[in-house]
Amino acid sequence: MGAKKRLFDLETLLHIGEKKDRIKQIEEEMSSPSFWADENLSNEKARELKDLKELAEKFDELSELAEIADENELNSLIPEIEKLELLALFSGKYDDHSAILNFYAGAGGDDAQDWTEMLMRMYIRWAESNGYDVKIIDESRGGIAGIKSATLEIDGSYVYGKLKGEGGVHRLVRQSPFNAKALRQTSFSLVEVMPKVENNKELEIKESDLKIDTFRSSGKGGQGVNTTDSAVRITHISTGIVATCQNERSQLQNKENAMSVLKARLAKMLESQHKEKIEELRGESMEPEWGSQIRSYILHPYKMVKDHRTEYESKDPDSVLGGNLDGFIEAELKYFNKDKSIVDN
């Protein structure tokens, strides 16, 4: 399909006209003195405006170039058009949101905990290489090495849409650095990817449906963290979902972080179970399930990373573990949206 036809289709698929109308609407709202009264809401709309403008301007730029380009120049536009086509695959309710990632070490002791920390570092490097803000909001260290569990927050447009296919069990095969004979060891780690919900109107949670406990932090952070009841555990009574945070010195900050994780888990469950209201989740199982691995990272006796769903693979695991995930992410987007005609263009 030619570049001009692909751009013509993209105008509809990306709802460019609607997005330009939304740009005008936000700009009008921003001209009102009352716009900045609610800091969280105003910041959210400012980010939305920035993202909408970048998309609309990129589409207009490519459209203008396509009108005056010769055949060779049109072909040179294809890579940029393909990037926009991937955006058309972000059709989920929360796809344009930031993301919260949970990591859990599987069976395997020190090797599994070390592998879990390697995975977390991989996503941190991916986030940093893409210019996203990233921070660890909770972490439970292993006894000798690695982490038993951790929670990572990555802020940026479409982060959840890009990473949601990364959720599942990741398998590592290598010579164990924790074994004197360097025996071959297989380790497993579970990654849970959830959308970050910042707008309270988007996901309303009743205060009466929350149980909030405070306790002594066991995490790192200095004497002040470990000797005060700064850690916070929030339980959503109706569903049994629990979120904990203990990394910050302030109990208030830990509570805010735990609440972000709780909202993210609820939003993920609403999405995956096709529910509209939190109340409809009552009685459902909320725990992330361990299943067969979605991806294997082989470091010994040969080197390869292979996704078992998409069949996409790389023979450079060092690059992948260094954050080079874009090939896997693009393959996931196409795999999970294979019924959309744009994928086959």
# chains A, B, ... in the order shown; residues from 1 in each chain; ligands from 1
>>> closest_atom_pairs(of="range 247-323 of chain A", to="range 194-197 of chain A", cutoff="7 Å", atoms="only C-alpha atoms", output="Markdown table")
| residue | atom | partner | partner_atom | distance |
| --- | --- | --- | --- | --- |
| A:Ser260 | CA | A:Lys196 | CA | 6.8 |
| A:Lys263 | CA | A:Val197 | CA | 6.2 |
| A:Ala264 | CA | A:Lys196 | CA | 5.2 |
| A:Arg265 | CA | A:Met194 | CA | 6.2 |
| A:Ala267 | CA | A:Pro195 | CA | 6.8 |
| A:Lys268 | CA | A:Met194 | CA | 5.5 |
>>> residues_around(residues="range 162-171 of chain A", least_positions_apart="6", cutoff="8 Å", atoms="only C-alpha atoms", output="PyMOL selection string")
chain A and resi 95+99+186-194+290-297+329+332-333
>>> closest_atom_pairs(of="range 297-324 of chain A", to="range 127-148 of chain A", cutoff="10 Å", atoms="only C-alpha atoms", output="CSV")
residue,atom,partner,partner_atom,distance
A:Gly322,CA,A:Ser129,CA,9.7
A:Gly323,CA,A:Ser129,CA,7.5
A:Asn324,CA,A:Ser129,CA,8.7
>>> residues_around(residues="Lys277 in chain A", least_positions_apart="5", cutoff="9 Å", atoms="only C-alpha atoms", output="MDAnalysis selection string")
chainID A and resid 203:204 270
>>> closest_residue(among="A:Ser272, A:Gly161, A:Lys334, A:Arg174", to="Arg309 in chain A", atoms="only C-alpha atoms")
A:Lys334
>>> residues_around(residues="range 11-23 of chain A", least_positions_apart="5", cutoff="12 Å", atoms="only C-alpha atoms", output="MDAnalysis selection string")
chainID A and resid 4:6 28:30 45:60 62:63 81 84:91 340:342
>>> write_last_selection(atoms="C-alpha atoms", output="PDB file, in the first residue's frame")
ATOM      1  CA  LYS A   4      -0.465   8.477   0.603  1.00  0.00           C
ATOM      2  CA  LYS A   5      -3.126   5.781   1.022  1.00  0.00           C
ATOM      3  CA  ARG A   6      -1.662   4.753   4.379  1.00  0.00           C
ATOM      4  CA  GLU A  28      -9.815  27.348  25.618  1.00  0.00           C
ATOM      5  CA  GLU A  29     -10.002  25.812  29.108  1.00  0.00           C
ATOM      6  CA  MET A  30      -6.409  26.855  29.825  1.00  0.00           C
ATOM      7  CA  LYS A  45      -4.698  18.159  30.801  1.00  0.00           C
ATOM      8  CA  ALA A  46      -1.442  19.957  30.044  1.00  0.00           C
ATOM      9  CA  ARG A  47       0.225  16.588  29.395  1.00  0.00           C
ATOM     10  CA  GLU A  48      -2.727  15.537  27.253  1.00  0.00           C
ATOM     11  CA  LEU A  49      -2.438  18.734  25.211  1.00  0.00           C
ATOM     12  CA  LYS A  50       1.291  18.187  24.670  1.00  0.00           C
ATOM     13  CA  ASP A  51       0.728  14.613  23.456  1.00  0.00           C
ATOM     14  CA  LEU A  52      -2.152  15.581  21.173  1.00  0.00           C
ATOM     15  CA  LYS A  53      -0.171  18.418  19.612  1.00  0.00           C
ATOM     16  CA  GLU A  54       2.849  16.210  18.966  1.00  0.00           C
ATOM     17  CA  LEU A  55       0.700  13.612  17.209  1.00  0.00           C
ATOM     18  CA  ALA A  56      -1.319  16.116  15.167  1.00  0.00           C
ATOM     19  CA  GLU A  57       1.783  18.055  14.124  1.00  0.00           C
ATOM     20  CA  LYS A  58       3.608  14.866  13.102  1.00  0.00           C
ATOM     21  CA  PHE A  59       0.648  13.709  11.014  1.00  0.00           C
ATOM     22  CA  ASP A  60       0.308  17.118   9.332  1.00  0.00           C
ATOM     23  CA  LEU A  62       3.996  13.789   6.956  1.00  0.00           C
ATOM     24  CA  SER A  63       0.839  14.653   4.993  1.00  0.00           C
ATOM     25  CA  ILE A  81       4.309   6.355   8.839  1.00  0.00           C
ATOM     26  CA  LEU A  84       2.124   6.351  13.544  1.00  0.00           C
ATOM     27  CA  GLU A  85       0.424   3.119  12.469  1.00  0.00           C
ATOM     28  CA  LEU A  86       1.555   1.500  15.700  1.00  0.00           C
ATOM     29  CA  LEU A  87      -0.247   4.250  17.611  1.00  0.00           C
ATOM     30  CA  ALA A  88      -3.460   3.127  15.913  1.00  0.00           C
ATOM     31  CA  LEU A  89      -3.084  -0.172  17.761  1.00  0.00           C
ATOM     32  CA  PHE A  90      -3.397   1.569  21.147  1.00  0.00           C
ATOM     33  CA  SER A  91      -7.153   1.260  21.409  1.00  0.00           C
ATOM     34  CA  LYS A 340      -6.945  -5.194  12.805  1.00  0.00           C
ATOM     35  CA  SER A 341      -6.434  -4.662   9.092  1.00  0.00           C
ATOM     36  CA  ILE A 342      -3.706  -2.054   9.595  1.00  0.00           C
TER      37      ILE A 342
END
>>> residues_around(residues="Phe178 in chain A", least_positions_apart="6", cutoff="10 Å", atoms="only C-alpha atoms", output="PyMOL selection string")
chain A and resi 109-111+114+144-145+185
>>> atom_distance(atom1="CA of Ala243 in chain A", atom2="CA of Asn40 in chain A")
22.2 Å
>>> select_by_dssp(residues="range 1-245 of chain A", states="alpha helix (DSSP H)", output="count of residues only")
103
>>> closest_residue(among="A:Leu266, A:Asn199, A:Ile205, A:Thr151", to="Glu39 in chain A", atoms="only C-alpha atoms")
A:Asn199
>>> closest_residue(among="A:Met269, A:His274, A:Ser34, A:Ser217", to="Ile241 in chain A", atoms="only C-alpha atoms")
A:Met269
>>> atom_distance(atom1="CA of Ser157 in chain A", atom2="CA of Lys83 in chain A")
14.4 Å
>>> decode(residues="range 306-317 of chain A", atoms="N, CA and C atoms", output="JSON list (two decimals), in the first residue's frame")
[["chain", "number", "residue", "atom", "x", "y", "z"],
["A", 306, "LYS", "N", 13.82, -15.40, 23.26],
["A", 306, "LYS", "CA", 12.71, -15.75, 22.38],
["A", 306, "LYS", "C", 11.37, -15.54, 23.07],
["A", 307, "ASP", "N", 10.45, -14.86, 22.40],
["A", 307, "ASP", "CA", 9.09, -14.70, 22.88],
["A", 307, "ASP", "C", 8.27, -15.87, 22.35],
["A", 308, "HIS", "N", 7.65, -16.62, 23.25],
["A", 308, "HIS", "CA", 6.96, -17.84, 22.85],
["A", 308, "HIS", "C", 5.58, -17.60, 22.25],
["A", 309, "ARG", "N", 5.09, -16.37, 22.29],
["A", 309, "ARG", "CA", 3.79, -16.06, 21.68],
["A", 309, "ARG", "C", 3.97, -15.55, 20.26],
["A", 310, "THR", "N", 4.88, -14.60, 20.10],
["A", 310, "THR", "CA", 5.05, -13.95, 18.80],
["A", 310, "THR", "C", 6.12, -14.61, 17.94],
["A", 311, "GLU", "N", 6.95, -15.46, 18.57],
["A", 311, "GLU", "CA", 8.10, -16.10, 17.91],
["A", 311, "GLU", "C", 9.21, -15.11, 17.59],
["A", 312, "TYR", "N", 9.08, -13.86, 18.04],
["A", 312, "TYR", "CA", 10.14, -12.89, 17.82],
["A", 312, "TYR", "C", 11.33, -13.28, 18.70],
["A", 313, "GLU", "N", 12.54, -13.16, 18.15],
["A", 313, "GLU", "CA", 13.72, -13.53, 18.92],
["A", 313, "GLU", "C", 14.90, -12.63, 18.62],
["A", 314, "SER", "N", 15.84, -12.64, 19.55],
["A", 314, "SER", "CA", 17.08, -11.89, 19.41],
["A", 314, "SER", "C", 18.23, -12.78, 19.85],
["A", 315, "LYS", "N", 19.34, -12.70, 19.14],
["A", 315, "LYS", "CA", 20.52, -13.48, 19.51],
["A", 315, "LYS", "C", 21.50, -12.63, 20.33],
["A", 316, "ASP", "N", 21.03, -11.50, 20.81],
["A", 316, "ASP", "CA", 21.86, -10.60, 21.61],
["A", 316, "ASP", "C", 21.18, -10.31, 22.94],
["A", 317, "PRO", "N", 21.19, -11.28, 23.88],
["A", 317, "PRO", "CA", 20.51, -11.08, 25.16],
["A", 317, "PRO", "C", 21.08, -9.93, 25.97]]
